[in-house]
Amino acid sequence: MHSKINFIILLSCFYFTISLTAEPSYRIVIDPGHGGVAKDPKAQHGDKYDSVTQTYLETYKQGTEHGSITERKVVLDLAKEVHKILKLTETEQGWKEFEGYLKLFSKKNEFTRVKLISHLTRETSFDDDANSDDPNAPYRLYDFPDPKTSVRKKGRLSKINEWKPHLVLSLHLNPASKGQKGGMAAVLTPGYKTFSLLKKISNKEKSPNGFLQGPWSDWLVFQSGWSKLENAMADTWIYFHGYWSKKNGKEVDLTKFEGYRQNMISWKYADDPNWEKNIGKKGPYAKSHEEFEPSGRFFEREMGKKEEWRREGGKEGFGGDNHYVTRELMRFVQYGLPVQLKTKDSPYPELGPIQKPYISTYSLPTYTNALCAFIEIGYVNRSRDMKYLTQNKKETAISLAVGIYSLFVGLEVKKNSNLPYTPKGKKVNWERYETYFDEVM
């Protein structure tokens with residue numbers, strides 16, 4: 001009997017020791033933007049399928065192009081390279097190679113061992129199956145019905161949430177306007193706190209100065225002829241009601257419906273079946289600010305502290321941890337590319353600068369629990385950007401992968417006064433999120 005007890009104790013100690021010495025694992029999803037085609041008819045090939053109108057509300061967003069260069073290909077090739085480098089951390093042999101990359105950025109010789117478990121949201125684009133009856137099926141952001149069986153299929157947002165990632169790296173390109181130098185920029189969505197302020201401004205309960213003098217005031221102008229504040233108020237109506245506002249920000253525009261996006265994906269925060277019967281009634285589906293009440297799982301989440309940490313305030317002054325992880329990865333690219341590409345007795349090559357963030361009601365930062373590094377990594381019509389992202393995609397990928405490691409562990413980066421950007425090398429306070437990343441499904 002005693003020997004049996006001793007064996008159990010020894011076995012328990014063995015498993016306890018294994019659990020103490022096993023490397024921490026973190027889940028990363030790399031999302032190369034777009035992939036599908038802007039094809040007519042929208043009712044067959046669109047995205048953002050809405051159960052209320054039972055149709056697609058948008059033409060599929062194909063992404064930008066310049067001559068033979070396409071966003072979908074450039075970001076996919078880069079994403080695959082980042083994925084391959086992160087996969088090195090899963091094996092002892094691969095880890096030794098990964099340590100070599102860490103040493104390019106840090107004077108240290110020893111690094112905390114972790115496993116960075118990486119997934120790709122796509123490995124192809126519609127070009128690979130252009131004759132398909134539904135070429136956008138693998139690439140839609142939102143859930144959609146199978147055209148033959150009507151069974152609901154999961155879009156990319158639902159698939160991302162199934163992986164329960166700690167971090168999502170979403171890669172995109174932008175077209176540069178005349179005189180713009182290229183470079184890169186963060187894509188951000190604020191939290192409930194900012195949208196609530198904008199709602200009060202719409203209702204004349206608050207002065208616009210609270211927004212105009214704040215960090216979110218440089219809102220994306222997507223409606224030509226409207227001010228940044230008018231665009232922000234329209235986005236606020238979409239966030240709360242699913243509809244655009246009219247230009248005055250006071251009334252709903254019932255001709256412009258964007259859908260109740262929290263119910264267009266499969267996750268923990270979707271409303272119960274038959275939620276559609278409450279549309280137009282007082283509550284979360286009211287069509288006016290006055291009758292709106294933030295009830296239900298989604299808005300409870302939105303008002304929570306962890307969403308505020310993700311999307312408001314934070315190390316970069318605003319944008320929460322989402323802004324920090326995005327800007328920090330851009331700093332790693334801005335630092336890592338020149339360091340890796342410098343040749344003897346030559347100046348460090350220059351990159352286009354880090355631009356101001358793009359701010360709107362973007363889907364990925366809102367409808368995932370992960371920290372979201374959403375990066376416009378270059379400008380498709382700027383040859384310098386395209387050179388680094390294609391000819392030097394491995395060096396770019398190494399910089400991003402090392403930056404991802406630093407976000408989880410921290411990294412003491414070599415000081416270099418010759419470069420305009422140096423990463424902070426500070427890890428995210430992951431511990432305060434507790435089990436939040438697992439609580440998405």
# chains A, B, ... in the order shown; residues from 1 in each chain; ligands from 1
call {"tool": "residues_around", "arguments": {"residues": "segment 318-330 of chain A", "least_positions_apart": "4", "cutoff": "10 Å", "atoms": "only C-alpha atoms", "output": "ChimeraX atom specification"}}
result
/A:167-170,183-191,214-216,306-314,334-336,353-354,357,359,365,370-377,399-404,406-407,421-430
call {"tool": "closest_atom_pairs", "arguments": {"of": "segment 188-288 of chain A", "to": "segment 133-149 of chain A", "cutoff": "8 Å", "atoms": "only C-alpha atoms", "output": "CSV"}}
result
residue,atom,partner,partner_atom,distance
A:Met264,CA,A:Asp143,CA,5.9
A:Ile265,CA,A:Asp143,CA,5.4
A:Ser266,CA,A:Asp143,CA,7.4
call {"tool": "residues_around", "arguments": {"residues": "Pro208 of chain A", "least_positions_apart": "3", "cutoff": "12 Å", "atoms": "only C-alpha atoms", "output": "list of chain:residue names"}}
result
A:Leu197, A:Leu198, A:Lys199, A:Lys200, A:Ile201, A:Ser202, A:Asn203, A:Lys204, A:Glu205, A:Phe211, A:Leu212, A:Gln213, A:Gly214, A:Ser217, A:Lys228, A:Leu229, A:Glu230, A:Ala232, A:Met233, A:Gly249
call {"tool": "residues_around", "arguments": {"residues": "Asp127 of chain A", "least_positions_apart": "3", "cutoff": "9 Å", "atoms": "only C-alpha atoms", "output": "PyMOL selection string"}}
result
chain A and resi 35-37+124+130-131+135
call {"tool": "atom_distance", "arguments": {"atom1": "atom CA of Gly155 of chain A", "atom2": "atom CA of Lys287 of chain A"}}
result
27.1 Å
call {"tool": "closest_residue", "arguments": {"among": "A:His83, A:Lys247, A:Lys344, A:Lys305", "to": "Ile28 of chain A", "atoms": "only C-alpha atoms"}}
result
A:His83
call {"tool": "closest_residue", "arguments": {"among": "A:Val52, A:Val413, A:Leu389, A:Ile30", "to": "Lys80 of chain A", "atoms": "only C-alpha atoms"}}
result
A:Ile30
call {"tool": "select_by_dssp", "arguments": {"residues": "segment 229-301 of chain A", "states": "strand (DSSP E)", "output": "list in words"}}
result
Tyr243, Trp244, Ser245, Val252, Asp253, Leu254, Thr255, Lys256 and Phe257 of chain A
call {"tool": "residues_around", "arguments": {"residues": "Glu23 of chain A", "least_positions_apart": "6", "cutoff": "12 Å", "atoms": "only C-alpha atoms", "output": "MDAnalysis selection string"}}
result
chainID A and resid 17 89:92 95 111:117 409
